[in-house]
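*Asks:* Just upload-v6.cif, nothing more (mmCIF, C-alpha atoms and all ligand atoms):
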```cif
data_coords
loop_
_atom_site.label_atom_id
_atom_site.label_comp_id
_atom_site.auth_asym_id
_atom_site.auth_seq_id
_atom_site.Cartn_x
_atom_site.Cartn_y
_atom_site.Cartn_z
CA MET A 15 -97.65 219.86 111.29
CA LYS A 16 -101.01 221.64 111.29
CA ILE A 17 -100.98 224.97 109.49
CA LEU A 18 -103.85 227.45 109.62
CA VAL A 19 -103.89 229.64 106.50
CA ALA A 20 -106.24 232.62 106.78
CA GLY A 21 -106.98 234.12 103.37
CA GLY A 22 -106.04 230.81 101.74
CA CYS A 23 -108.40 231.38 98.78
CA GLY A 24 -106.61 234.57 97.73
CA PHE A 25 -103.66 234.97 95.38
CA ILE A 26 -100.71 234.33 97.71
CA GLY A 27 -102.69 232.14 100.11
CA SER A 28 -103.83 229.65 97.46
CA ASN A 29 -100.32 229.32 96.05
CA PHE A 30 -98.97 228.77 99.57
CA VAL A 31 -101.64 226.13 100.32
CA LYS A 32 -100.68 224.30 97.13
CA ARG A 33 -97.02 224.20 98.21
CA LEU A 34 -97.88 223.13 101.79
CA LEU A 35 -99.98 220.23 100.52
CA SER A 36 -97.29 219.05 98.15
CA ASP A 37 -94.77 219.20 101.03
CA GLY A 38 -96.96 217.00 103.25
CA TYR A 39 -98.47 219.50 105.72
CA GLU A 40 -101.99 219.32 107.15
CA VAL A 41 -103.68 222.53 106.02
CA TYR A 42 -106.71 224.38 107.40
CA VAL A 43 -107.93 227.24 105.23
CA ILE A 44 -110.16 230.03 106.49
CA ASP A 45 -111.55 232.50 103.97
CA ASP A 46 -114.83 234.41 103.74
CA LEU A 47 -114.51 234.38 99.93
CA SER A 48 -115.11 238.15 99.82
CA ARG A 49 -112.03 238.64 97.62
CA GLY A 50 -110.87 235.09 97.00
CA SER A 51 -112.46 232.07 95.37
CA LEU A 52 -112.59 228.32 95.85
CA GLU A 53 -111.72 227.98 92.18
CA LYS A 54 -108.11 228.74 93.13
CA LEU A 55 -108.05 225.54 95.24
CA ASP A 56 -110.20 223.52 92.83
CA GLU A 57 -107.63 220.81 92.14
CA TYR A 58 -107.33 220.09 95.90
CA ARG A 59 -111.04 220.14 96.73
CA ASN A 60 -111.07 216.52 97.97
CA HIS A 61 -107.52 216.49 99.30
CA PRO A 62 -107.38 214.44 102.55
CA ARG A 63 -105.05 216.96 104.24
CA LEU A 64 -107.05 220.07 103.35
CA THR A 65 -109.97 221.42 105.41
CA PHE A 66 -111.81 224.58 104.39
CA PHE A 67 -113.89 226.91 106.57
CA LYS A 68 -115.91 229.73 105.06
CA VAL A 69 -115.58 232.07 108.03
CA ASP A 70 -115.05 235.80 108.54
CA ILE A 71 -111.92 236.05 110.70
CA THR A 72 -113.14 239.26 112.32
CA GLY A 73 -116.06 237.45 114.01
CA GLU A 74 -116.26 235.14 117.04
CA GLU A 75 -116.95 232.04 114.91
CA VAL A 76 -113.27 231.86 114.08
CA PHE A 77 -112.53 230.65 117.63
CA ASP A 78 -114.73 227.56 117.07
CA ILE A 79 -112.08 226.26 114.67
CA GLN A 80 -109.90 224.18 116.92
CA ALA A 81 -107.10 221.86 115.85
CA LYS A 82 -104.09 222.78 118.02
CA PHE A 83 -102.28 224.55 115.21
CA ASP A 84 -98.49 224.61 114.95
CA VAL A 85 -98.43 227.65 112.67
CA VAL A 86 -100.96 230.42 111.97
CA VAL A 87 -100.45 232.37 108.74
CA ASP A 88 -102.34 235.62 108.11
CA PHE A 89 -102.84 236.45 104.43
CA VAL A 90 -106.13 238.31 104.95
CA ALA A 91 -106.08 241.94 103.91
CA TYR A 92 -108.08 244.73 102.45
CA LYS A 93 -105.57 246.78 100.52
CA ILE A 94 -105.35 250.41 99.45
CA PRO A 95 -108.73 252.01 100.33
CA ARG A 96 -109.18 253.40 96.79
CA TYR A 97 -109.97 249.82 95.71
CA SER A 98 -112.25 248.97 98.65
CA SER A 99 -113.00 251.16 101.67
CA GLY A 100 -110.91 252.81 104.38
CA LEU A 101 -113.13 251.28 107.04
CA LYS A 102 -112.64 247.74 105.69
CA THR A 103 -108.90 248.28 105.36
CA LEU A 104 -108.56 249.43 108.95
CA THR A 105 -111.00 247.04 110.61
CA VAL A 106 -110.60 243.76 108.69
CA ASN A 107 -106.81 243.98 108.73
CA THR A 108 -106.43 244.80 112.41
CA LYS A 109 -109.37 242.96 114.00
CA GLY A 110 -108.63 239.93 111.81
CA ALA A 111 -104.96 239.84 112.78
CA GLU A 112 -105.80 240.20 116.46
CA ASN A 113 -108.21 237.24 116.35
CA LEU A 114 -105.58 235.13 114.60
CA LEU A 115 -102.99 236.17 117.18
CA LYS A 116 -105.39 235.02 119.92
CA ILE A 117 -105.58 231.62 118.23
CA ALA A 118 -101.78 231.49 117.96
CA ALA A 119 -101.49 232.36 121.68
CA ARG A 120 -104.14 229.76 122.56
CA ASP A 121 -102.25 227.03 120.66
CA SER A 122 -98.69 228.33 121.30
CA ALA A 123 -98.34 228.43 117.53
CA LYS A 124 -95.85 230.34 115.40
CA PHE A 125 -97.43 233.41 113.74
CA ILE A 126 -96.53 234.40 110.20
CA MET A 127 -97.62 237.89 109.22
CA ALA A 128 -97.89 239.07 105.61
CA SER A 129 -96.82 242.71 105.82
CA THR A 130 -96.02 245.01 102.94
CA SER A 131 -93.37 247.33 101.52
CA ASP A 132 -96.06 250.02 101.77
CA VAL A 133 -95.09 250.43 105.45
CA TYR A 134 -91.88 252.18 104.31
CA GLY A 135 -94.18 254.83 102.85
CA LYS A 136 -92.18 257.64 101.30
CA SER A 137 -88.91 257.00 103.11
CA GLN A 138 -85.90 258.05 101.05
CA GLU A 139 -83.48 255.61 102.73
CA PHE A 140 -82.91 253.30 99.76
CA PRO A 141 -82.77 250.35 99.80
CA TYR A 142 -85.33 249.94 102.56
CA GLY A 143 -83.87 247.98 105.48
CA GLU A 144 -86.07 246.30 108.07
CA GLY A 145 -84.68 248.56 110.82
CA GLY A 146 -85.24 251.76 108.84
CA ASP A 147 -87.79 254.50 109.48
CA LEU A 148 -91.36 254.16 108.28
CA VAL A 149 -92.35 257.53 106.78
CA LEU A 150 -96.02 258.07 106.03
CA GLY A 151 -97.83 261.06 104.57
CA PRO A 152 -100.74 262.98 106.09
CA SER A 153 -103.98 261.31 107.16
CA TYR A 154 -105.82 263.48 104.60
CA SER A 155 -104.57 260.96 102.07
CA ARG A 156 -106.60 257.76 102.56
CA ARG A 157 -103.96 255.66 100.83
CA TRP A 158 -101.93 255.47 104.05
CA ALA A 159 -104.69 253.58 105.86
CA TYR A 160 -103.31 250.33 104.45
CA ALA A 161 -99.78 250.99 105.70
CA VAL A 162 -101.15 252.18 109.06
CA SER A 163 -103.13 248.94 109.49
CA LYS A 164 -100.05 246.86 108.68
CA ILE A 165 -97.80 248.85 111.01
CA PHE A 166 -100.41 248.45 113.76
CA ASN A 167 -100.42 244.69 113.09
CA GLU A 168 -96.63 244.51 113.22
CA HIS A 169 -96.73 246.13 116.67
CA MET A 170 -99.53 243.79 117.70
CA VAL A 171 -97.37 240.82 116.71
CA PHE A 172 -94.51 242.10 118.88
CA ALA A 173 -96.97 242.71 121.74
CA TYR A 174 -98.35 239.15 121.55
CA HIS A 175 -94.81 237.83 121.47
CA ASP A 176 -93.95 239.85 124.59
CA GLU A 177 -97.13 238.86 126.46
CA TYR A 178 -97.56 235.24 125.41
CA GLY A 179 -94.14 234.23 124.11
CA ILE A 180 -95.37 233.11 120.70
CA PRO A 181 -92.69 232.99 118.03
CA PHE A 182 -93.34 235.01 114.88
CA VAL A 183 -91.99 236.12 111.53
CA ILE A 184 -93.08 239.39 109.91
CA LEU A 185 -92.58 239.30 106.15
CA ARG A 186 -92.70 242.51 104.15
CA PHE A 187 -93.64 241.61 100.57
CA PHE A 188 -92.58 243.96 97.75
CA GLY A 189 -95.20 243.04 95.16
CA ALA A 190 -95.78 239.66 93.61
CA TYR A 191 -97.39 238.36 90.43
CA GLY A 192 -98.26 235.00 88.96
CA PRO A 193 -101.03 232.42 88.51
CA HIS A 194 -104.23 233.05 90.48
CA GLN A 195 -103.53 236.73 90.91
CA HIS A 196 -106.40 239.18 90.62
CA LEU A 197 -106.65 240.58 87.12
CA ASP A 198 -107.89 243.98 88.25
CA TRP A 199 -106.21 246.72 90.32
CA TRP A 200 -106.71 244.66 93.49
CA GLY A 201 -103.86 242.48 92.26
CA GLY A 202 -101.57 245.32 91.18
CA PRO A 203 -100.37 246.46 87.76
CA VAL A 204 -99.10 243.19 86.24
CA GLY A 205 -102.47 241.43 86.08
CA VAL A 206 -104.56 244.42 85.10
CA PHE A 207 -102.07 245.50 82.39
CA LEU A 208 -102.06 242.03 80.83
CA SER A 209 -105.83 241.69 80.95
CA ASN A 210 -106.37 245.10 79.35
CA ILE A 211 -103.77 244.50 76.64
CA TYR A 212 -105.54 241.22 75.76
CA LYS A 213 -108.93 242.96 75.65
CA GLY A 214 -107.60 245.90 73.62
CA LEU A 215 -108.50 248.27 76.48
CA PRO A 216 -106.34 251.23 77.54
CA VAL A 217 -103.66 250.52 80.14
CA SER A 218 -103.93 253.05 82.99
CA ILE A 219 -100.65 254.64 83.98
CA HIS A 220 -100.79 256.57 87.24
CA GLY A 221 -98.80 259.82 86.99
CA ASP A 222 -96.21 259.80 84.21
CA GLY A 223 -95.25 256.16 84.74
CA THR A 224 -91.62 256.86 85.67
CA GLN A 225 -92.14 255.55 89.22
CA LYS A 226 -90.16 252.35 89.69
CA ARG A 227 -91.21 249.12 91.35
CA THR A 228 -89.97 245.55 91.71
CA PHE A 229 -92.02 242.41 91.17
CA MET A 230 -91.42 238.87 92.34
CA TYR A 231 -92.74 235.73 90.67
CA ILE A 232 -95.11 233.92 93.01
CA ASP A 233 -93.07 230.69 93.24
CA ASP A 234 -90.11 232.69 94.56
CA LEU A 235 -92.30 234.44 97.12
CA ILE A 236 -93.78 231.13 98.28
CA GLU A 237 -90.27 229.67 98.68
CA GLY A 238 -89.41 232.61 100.95
CA ILE A 239 -92.56 232.24 103.09
CA LEU A 240 -91.93 228.53 103.50
CA ARG A 241 -88.31 229.07 104.55
CA ALA A 242 -89.41 231.78 106.98
CA MET A 243 -91.89 229.34 108.49
CA LYS A 244 -89.34 226.55 108.82
CA PHE A 245 -86.03 228.22 109.66
CA LYS A 246 -85.31 228.73 113.36
CA ASP A 247 -83.10 231.77 112.59
CA ALA A 248 -86.09 233.58 111.06
CA GLU A 249 -88.01 233.54 114.33
CA ASN A 250 -88.96 236.92 115.77
CA GLU A 251 -87.52 238.77 112.78
CA ILE A 252 -88.89 241.21 110.21
CA ILE A 253 -87.72 240.19 106.74
CA ASN A 254 -88.20 241.91 103.38
CA ILE A 255 -89.08 239.55 100.54
CA GLY A 256 -88.71 240.89 97.04
CA SER A 257 -86.64 241.26 93.92
CA SER A 258 -83.86 243.77 93.17
CA GLU A 259 -84.87 244.14 89.52
CA GLU A 260 -86.41 247.60 89.23
CA ILE A 261 -88.64 248.64 86.34
CA SER A 262 -90.68 251.77 85.68
CA ILE A 263 -94.44 251.28 85.42
CA LEU A 264 -94.35 252.55 81.83
CA ASP A 265 -91.66 250.03 80.88
CA LEU A 266 -93.59 247.31 82.66
CA ALA A 267 -96.61 248.02 80.42
CA ARG A 268 -94.39 247.93 77.32
CA LEU A 269 -92.67 244.71 78.41
CA ILE A 270 -95.95 242.89 79.12
CA HIS A 271 -97.27 244.07 75.76
CA ARG A 272 -94.17 242.80 73.91
CA LEU A 273 -94.30 239.41 75.65
CA SER A 274 -98.05 238.80 75.45
CA TYR A 275 -100.12 240.24 72.59
CA PRO A 276 -97.76 242.48 70.54
CA GLU A 277 -100.24 242.26 67.66
CA ASN A 278 -102.72 244.32 69.73
CA GLU A 279 -102.17 248.07 69.89
CA LEU A 280 -100.77 249.24 73.26
CA LYS A 281 -103.12 252.03 74.33
CA LEU A 282 -101.81 254.05 77.27
CA GLU A 283 -104.06 256.22 79.39
CA PHE A 284 -102.30 258.56 81.82
CA ILE A 285 -104.21 259.22 85.07
CA SER A 286 -103.12 262.31 86.96
CA TYR A 287 -102.33 261.96 90.65
CA GLU A 288 -104.61 264.96 91.29
CA SER A 289 -107.58 262.80 90.29
CA PHE A 290 -106.89 260.63 93.38
CA GLY A 291 -107.33 263.60 95.72
CA ASN A 292 -105.32 266.56 96.98
CA TYR A 293 -102.81 264.80 99.18
CA TYR A 294 -102.27 261.69 97.08
CA GLU A 295 -98.68 260.50 96.86
CA ASP A 296 -97.17 257.61 94.94
CA PRO A 297 -93.58 256.85 96.00
CA LYS A 298 -91.20 257.31 93.03
CA ARG A 299 -89.15 254.32 94.07
CA ARG A 300 -89.59 251.33 96.33
CA ILE A 301 -86.71 248.95 96.64
CA GLY A 302 -85.89 246.74 99.58
CA SER A 303 -82.64 245.58 101.09
CA TYR A 304 -82.60 241.81 100.76
CA VAL A 305 -79.59 241.14 102.98
CA LYS A 306 -81.72 239.43 105.63
CA MET A 307 -83.57 237.44 103.00
CA LYS A 308 -80.24 236.17 101.66
CA ASP A 309 -78.55 235.60 105.05
CA ILE A 310 -81.44 234.20 107.08
CA LEU A 311 -83.62 232.57 104.44
CA GLN A 312 -80.57 231.68 102.32
CA TYR A 313 -82.11 232.37 98.99
CA ALA A 314 -82.54 234.82 96.13
CA PRO A 315 -85.27 234.93 93.47
CA HIS A 316 -84.90 232.24 90.85
CA TYR A 317 -86.94 234.01 88.15
CA ALA A 318 -85.86 237.19 86.39
CA LEU A 319 -88.80 239.48 85.61
CA GLU A 320 -89.01 238.62 81.91
CA GLU A 321 -88.85 234.89 82.66
CA GLY A 322 -91.55 235.08 85.35
CA LEU A 323 -93.78 237.22 83.15
CA LYS A 324 -93.57 234.62 80.39
CA LYS A 325 -94.81 231.95 82.83
CA PHE A 326 -97.62 234.20 84.02
CA ILE A 327 -98.64 235.05 80.45
CA GLU A 328 -98.69 231.33 79.60
CA TRP A 329 -101.08 230.73 82.53
CA PHE A 330 -103.23 233.65 81.36
CA LYS A 331 -103.37 232.38 77.76
CA ASN A 332 -104.41 228.92 79.02
CA ARG A 333 -107.32 230.54 80.81
CA VAL A 334 -108.27 232.42 77.65
CA GLU A 335 -108.21 229.13 75.68
CA ARG A 336 -110.38 227.38 78.27
CA GLY A 337 -112.85 230.27 78.21
CA THR A 338 -112.24 231.10 81.90
CA ALA A 339 -112.84 234.70 82.95
CA VAL A 340 -109.87 237.03 82.53
N1 LIG A 401 -100.06 240.53 96.37
C1 LIG A 401 -99.01 241.28 96.67
O1 LIG A 401 -98.21 241.64 95.79
C2 LIG A 401 -98.77 241.74 98.10
C3 LIG A 401 -97.78 242.72 98.36
C4 LIG A 401 -97.56 243.11 99.67
C5 LIG A 401 -98.28 242.53 100.70
N2 LIG A 401 -99.25 241.60 100.43
C6 LIG A 401 -100.00 241.02 101.55
O2 LIG A 401 -100.08 239.61 101.38
C7 LIG A 401 -101.34 239.14 101.84
C8 LIG A 401 -102.03 238.34 100.74
O3 LIG A 401 -102.25 239.19 99.62
P1 LIG A 401 -103.04 238.68 98.33
O4 LIG A 401 -102.54 239.47 97.19
O5 LIG A 401 -103.00 237.20 98.27
O6 LIG A 401 -104.52 239.18 98.69
P2 LIG A 401 -105.93 238.57 98.26
O7 LIG A 401 -106.93 239.65 98.33
O8 LIG A 401 -105.79 237.81 96.98
O9 LIG A 401 -106.23 237.50 99.43
C9 LIG A 401 -106.82 237.85 100.65
C10 LIG A 401 -107.85 236.79 101.00
O10 LIG A 401 -108.44 237.13 102.27
C11 LIG A 401 -109.83 236.86 102.21
N3 LIG A 401 -110.52 237.70 103.20
C12 LIG A 401 -110.74 239.04 103.16
N4 LIG A 401 -111.41 239.43 104.26
C13 LIG A 401 -111.61 238.32 105.02
C14 LIG A 401 -112.23 238.07 106.27
N5 LIG A 401 -112.79 239.08 106.98
N6 LIG A 401 -112.26 236.81 106.75
C15 LIG A 401 -111.70 235.79 106.04
N7 LIG A 401 -111.11 235.95 104.85
C16 LIG A 401 -111.05 237.21 104.34
C17 LIG A 401 -110.23 237.20 100.79
O11 LIG A 401 -111.43 236.56 100.41
C18 LIG A 401 -109.00 236.69 100.00
O12 LIG A 401 -109.17 235.34 99.59
C19 LIG A 401 -102.10 240.37 102.31
O13 LIG A 401 -101.94 240.50 103.69
C20 LIG A 401 -101.43 241.53 101.60
O14 LIG A 401 -101.52 242.72 102.34
C21 LIG A 401 -99.51 241.20 99.16
#
```
Mind turning this structure into structure tokens?
*Replies:*
Amino acid sequence: MKILVAGGCGFIGSNFVKRLLSDGYEVYVIDDLSRGSLEKLDEYRNHPRLTFFKVDITGEEVFDIQAKFDVVVDFVAYKIPRYSSGLKTLTVNTKGAENLLKIAARDSAKFIMASTSDVYGKSQEFPYGEGGDLVLGPSYSRRWAYAVSKIFNEHMVFAYHDEYGIPFVILRFFGAYGPHQHLDWWGGPVGVFLSNIYKGLPVSIHGDGTQKRTFMYIDDLIEGILRAMKFKDAENEIINIGSSEEISILDLARLIHRLSYPENELKLEFISYESFGNYYEDPKRRIGSYVKMKDILQYAPHYALEEGLKKFIEWFKNRVERGTAV
């Protein structure tokens, strides 16, 4: 099977490419390397079943890539505007997805969309079910641009399915961590906390740190994406993929400190929400319902948080030993 992986040089994409190659698939990676790097695919550089294209998926050049794909996977995204720009978030995410959907329609390929738990916004219907309401805050707060772009893409996926009959799976990820993740805020708290603890820098806690999140080890996430791609029952579904193990951001910082460099002082720096603008909101809780993940994809995460963090910290320490940037 020929799989097109857009954003394959990013965190999740590169880990997915690795798994596809080891499972025997023919893989075509598209990435403009704006936020990813070829270093993440270094060990597969001369792999006979891997082809790489440095292409911006929002442009016309993307249509020159022709291989009659069986599956098109979209991992490209600009995330929360605070870490990039609102314009990039809205245009790259939506224009990019539309171009990839055109390719899927052209090739009658299955489309796999990487959506996010951010689409649930500030809904209070815990745990978030895939059929639940998506409750966003006012447009004055730029943070919602990311969720808006993903909701738009979800609707676009349904529209392409209705018009062209292409099968799809929309996966809503609830935050992942692991090897090859970004070690700044682009990659979320786990990477940036670890990197700062190692460097002896303050760990930034947004608000008072009591907000709770869940984190999934990358191998578990990849297993879910692969099953979603392969299982017939997953077709034309929206499925949450995440862990049920909740932890507050403050406890996450303490846990990473204890497991990584306890000899370094843990310096906490509290950043007020007001500093992010008047209308900024950070949901207090974000937990998914994983009934569909269990029933349709027939799996649950293998790694508990502490176990997964130990593996991630080991990867990080190897990089430190080899003198690779952290
Ligand atoms: N990492 C998480 O915890 C998480 C949580 C929820 C949802 N997601 C979603 O999963 C997907 C993958 O996330 P990630 O953490 O691997 O992100 P990432 O930033 O590591 O990877 C995205 C990749 O897309 C590439 N890219 C950006 N713009 C491009 C363009 N115009 N043309 C071609 N390539 C382009 C970047 O260079 C990068 O390699 C995203 O859609 C994201 O919204 C991730």
*Asks:* What residues have any atom no more than 8 Å from ligand LIG 401 (chain A) when counting only C-alpha atoms and all ligand atoms, and can you list them as a PyMOL selection string?
*Replies:* chain A and resi 20-28+44-51+68-73+88-93+106-107+110+127-132+164+186-191+195-196+200-202+229
*Asks:* Could you list, as a compact mmCIF listing (two decimals) with C-alpha atoms, keeping the file's coordinate frame, every residue within 12 Å of Ser303 of chain A, counting all atoms listed in the file and ignoring same-chain residues fewer than 5 positions away?
*Replies:*
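Below is the file that was written, selection.txt:
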```txt
# COMPACT_ATOMS: atom_id res chain seq x y z
CA SER A 131 -93.37 247.33 101.52
CA TYR A 134 -91.88 252.18 104.31
CA GLU A 139 -83.48 255.61 102.73
CA PHE A 140 -82.91 253.30 99.76
CA PRO A 141 -82.77 250.35 99.80
CA TYR A 142 -85.33 249.94 102.56
CA GLY A 143 -83.87 247.98 105.48
CA GLU A 144 -86.07 246.30 108.07
CA GLY A 145 -84.68 248.56 110.82
CA GLY A 146 -85.24 251.76 108.84
CA ARG A 186 -92.70 242.51 104.15
CA PHE A 187 -93.64 241.61 100.57
CA PHE A 188 -92.58 243.96 97.75
CA THR A 228 -89.97 245.55 91.71
CA ILE A 252 -88.89 241.21 110.21
CA ILE A 253 -87.72 240.19 106.74
CA ASN A 254 -88.20 241.91 103.38
CA ILE A 255 -89.08 239.55 100.54
CA GLY A 256 -88.71 240.89 97.04
CA SER A 257 -86.64 241.26 93.92
CA SER A 258 -83.86 243.77 93.17
CA GLU A 259 -84.87 244.14 89.52
CA LYS A 308 -80.24 236.17 101.66
CA ASP A 309 -78.55 235.60 105.05
CA ALA A 314 -82.54 234.82 96.13
```
*Asks:* Name the residues in contact with Ala248 of chain A at a cut-off of 12 Å, using only C-alpha atoms, excluding same-chain residues fewer than 3 positions from it; report them as a PyMOL selection string.
*Replies:* chain A and resi 124-126+181-185+238-245+251-254+306-312
*Asks:* If we count all atoms listed in the file and set the cut-off at 12 Å, which residues sit around Ala173 of chain A, ignoring sequence neighbours fewer than 3 positions away in its own chain? Please answer as an MDAnalysis selection string.
*Replies:* chainID A and resid 112 115:116 119 166:170 176:182 250
*Asks:* Looking at all atoms listed in the file, which of A:Glu321, A:Glu57, A:Asp84, A:Glu328 is the one that sits closest to Tyr231 of chain A?
*Replies:*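 Closest candidate: A:Glu321.
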*Asks:* What is the distance, in Å and to one decimal place, between atom CA of Tyr42 of chain A and atom CA of Tyr317 of chain A?
*Replies:*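 Result for atom CA of Tyr42 of chain A versus atom CA of Tyr317 of chain A: 29.2 Å, one decimal.
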*Asks:* Restricting the calculation to all atoms listed in the file, which member of A:Arg268, A:Lys136, A:His316, A:Lys82 is positioned closest to Pro152 of chain A?
*Replies:*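 Smallest separation from Pro152 of chain A among the options: A:Lys136.
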*Asks:* Which residue, A:Val305, A:Leu104, A:Ile263, A:Val340, has the smallest gap to Ala159 of chain A when you use all atoms listed in the file?
*Replies:*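 Closest candidate: A:Leu104.
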*Asks:* Can you work out the spacing between atom CA of Ala118 of chain A and atom CA of Asp78 of chain A in Å, to one decimal?
*Replies:*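 Between atom CA of Ala118 of chain A and atom CA of Asp78 of chain A the gap is 13.6 Å.
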*Asks:* Using Å and a single decimal, report how far atom CA of Ile219 of chain A sits from atom CA of Leu150 of chain A.
*Replies:* 22.8 Å
*Asks:* With only C-alpha atoms as the basis for distance, which of A:Thr65, A:Asn210, A:Ser289, A:Thr338 is at the shortest distance from Val31 of chain A?
*Replies:*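 Closest to Val31 of chain A, using only C-alpha atoms: A:Thr65.
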*Asks:* Find the residues near Glu320 of chain A: any atom within 8 Å, counting all atoms listed in the file, skip ones fewer than 3 places away on the same chain, and give them as a PDB file with C-alpha atoms, keeping the file's coordinate frame.
*Replies:*
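The result, written out as part_28.pdb:
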```pdb
ATOM      1  CA  LEU A 269     -92.670 244.710  78.410  1.00  0.00           C
ATOM      2  CA  LEU A 323     -93.780 237.220  83.150  1.00  0.00           C
ATOM      3  CA  LYS A 324     -93.570 234.620  80.390  1.00  0.00           C
TER       4      LYS A 324
END
```
*Asks:* Please define a box with edges along x, y and z of the file around all atoms of segment 241-245 of chain A given in the file, extend it by 8 Å on each side, and return its centre and edge lengths in Å to one decimal, as lines of an AutoDock Vina configuration file.
*Replies:*
```
center_x = -89.0
center_y = 229.2
center_z = 107.1
size_x = 21.9
size_y = 21.2
size_z = 21.1
```
*Asks:* Using only C-alpha atoms - which residues lie no farther than 12 Å from the point (-103.6, 263.1, 105.4) in the file's frame? Write them as a ChimeraX atom specification.
*Replies:* /A:150-159,162,291-295
*Asks:* Restricting the calculation to all atoms listed in the file: of A:Ile117, A:Ala123, A:Ile261, A:Ile79, which residue gets closest to Thr224 of chain A?
*Replies:*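 Among the listed residues, the smallest separation from Thr224 of chain A belongs to A:Ile261.
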*Asks:* I'd like the contact shell of Val41 of chain A - 9 Å cut-off, all atoms listed in the file, skipping same-chain residues fewer than 6 positions apart - returned as an mmCIF file with C-alpha atoms, keeping the file's coordinate frame.
*Replies:*
```cif
data_model
loop_
_atom_site.group_PDB
_atom_site.id
_atom_site.type_symbol
_atom_site.label_atom_id
_atom_site.label_comp_id
_atom_site.auth_asym_id
_atom_site.auth_seq_id
_atom_site.Cartn_x
_atom_site.Cartn_y
_atom_site.Cartn_z
ATOM 1 C CA MET A 15 -97.650 219.860 111.290
ATOM 2 C CA LYS A 16 -101.010 221.640 111.290
ATOM 3 C CA ILE A 17 -100.980 224.970 109.490
ATOM 4 C CA LEU A 18 -103.850 227.450 109.620
ATOM 5 C CA VAL A 19 -103.890 229.640 106.500
ATOM 6 C CA VAL A 31 -101.640 226.130 100.320
ATOM 7 C CA LEU A 34 -97.880 223.130 101.790
ATOM 8 C CA LEU A 35 -99.980 220.230 100.520
ATOM 9 C CA ARG A 63 -105.050 216.960 104.240
ATOM 10 C CA LEU A 64 -107.050 220.070 103.350
ATOM 11 C CA THR A 65 -109.970 221.420 105.410
ATOM 12 C CA PHE A 66 -111.810 224.580 104.390
#
```
*Asks:* Between A:Leu280, A:Val86, A:Val133, A:Leu197, which has the minimum distance to Ala111 of chain A (counting all atoms listed in the file)?
*Replies:*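 Of all the options, A:Val86 lies closest to Ala111 of chain A.
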*Asks:* Using the atoms already present, construct N, CA and C atoms for segment 165-178 of chain A and hand them back as a PDB file, in the frame of the given file.
*Replies:*
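The resulting part-v5.pdb:
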```pdb
ATOM      1  N   ILE A 165     -98.741 248.476 109.946  1.00  0.00           N
ATOM      2  CA  ILE A 165     -97.800 248.850 111.010  1.00  0.00           C
ATOM      3  C   ILE A 165     -98.408 248.506 112.374  1.00  0.00           C
ATOM      4  N   PHE A 166     -99.703 248.806 112.519  1.00  0.00           N
ATOM      5  CA  PHE A 166    -100.410 248.450 113.760  1.00  0.00           C
ATOM      6  C   PHE A 166    -100.272 246.936 113.995  1.00  0.00           C
ATOM      7  N   ASN A 167    -100.505 246.152 112.943  1.00  0.00           N
ATOM      8  CA  ASN A 167    -100.420 244.690 113.090  1.00  0.00           C
ATOM      9  C   ASN A 167     -99.003 244.237 113.461  1.00  0.00           C
ATOM     10  N   GLU A 168     -98.004 244.883 112.872  1.00  0.00           N
ATOM     11  CA  GLU A 168     -96.630 244.510 113.220  1.00  0.00           C
ATOM     12  C   GLU A 168     -96.400 244.722 114.725  1.00  0.00           C
ATOM     13  N   HIS A 169     -96.882 245.854 115.231  1.00  0.00           N
ATOM     14  CA  HIS A 169     -96.730 246.130 116.670  1.00  0.00           C
ATOM     15  C   HIS A 169     -97.533 245.132 117.502  1.00  0.00           C
ATOM     16  N   MET A 170     -98.702 244.771 116.994  1.00  0.00           N
ATOM     17  CA  MET A 170     -99.530 243.790 117.700  1.00  0.00           C
ATOM     18  C   MET A 170     -98.808 242.441 117.776  1.00  0.00           C
ATOM     19  N   VAL A 171     -98.125 242.083 116.719  1.00  0.00           N
ATOM     20  CA  VAL A 171     -97.370 240.820 116.710  1.00  0.00           C
ATOM     21  C   VAL A 171     -96.278 240.862 117.783  1.00  0.00           C
ATOM     22  N   PHE A 172     -95.547 241.970 117.840  1.00  0.00           N
ATOM     23  CA  PHE A 172     -94.510 242.100 118.880  1.00  0.00           C
ATOM     24  C   PHE A 172     -95.141 242.043 120.277  1.00  0.00           C
ATOM     25  N   ALA A 173     -96.304 242.681 120.429  1.00  0.00           N
ATOM     26  CA  ALA A 173     -96.970 242.710 121.740  1.00  0.00           C
ATOM     27  C   ALA A 173     -97.399 241.296 122.161  1.00  0.00           C
ATOM     28  N   TYR A 174     -97.941 240.533 121.220  1.00  0.00           N
ATOM     29  CA  TYR A 174     -98.350 239.150 121.550  1.00  0.00           C
ATOM     30  C   TYR A 174     -97.131 238.291 121.863  1.00  0.00           C
ATOM     31  N   HIS A 175     -96.050 238.568 121.175  1.00  0.00           N
ATOM     32  CA  HIS A 175     -94.810 237.830 121.470  1.00  0.00           C
ATOM     33  C   HIS A 175     -94.351 238.148 122.906  1.00  0.00           C
ATOM     34  N   ASP A 176     -94.391 239.442 123.249  1.00  0.00           N
ATOM     35  CA  ASP A 176     -93.950 239.850 124.590  1.00  0.00           C
ATOM     36  C   ASP A 176     -94.857 239.281 125.682  1.00  0.00           C
ATOM     37  N   GLU A 177     -96.184 239.305 125.426  1.00  0.00           N
ATOM     38  CA  GLU A 177     -97.130 238.860 126.460  1.00  0.00           C
ATOM     39  C   GLU A 177     -97.234 237.354 126.567  1.00  0.00           C
ATOM     40  N   TYR A 178     -97.253 236.685 125.410  1.00  0.00           N
ATOM     41  CA  TYR A 178     -97.560 235.240 125.410  1.00  0.00           C
ATOM     42  C   TYR A 178     -96.406 234.371 124.918  1.00  0.00           C
TER      43      TYR A 178
END
```
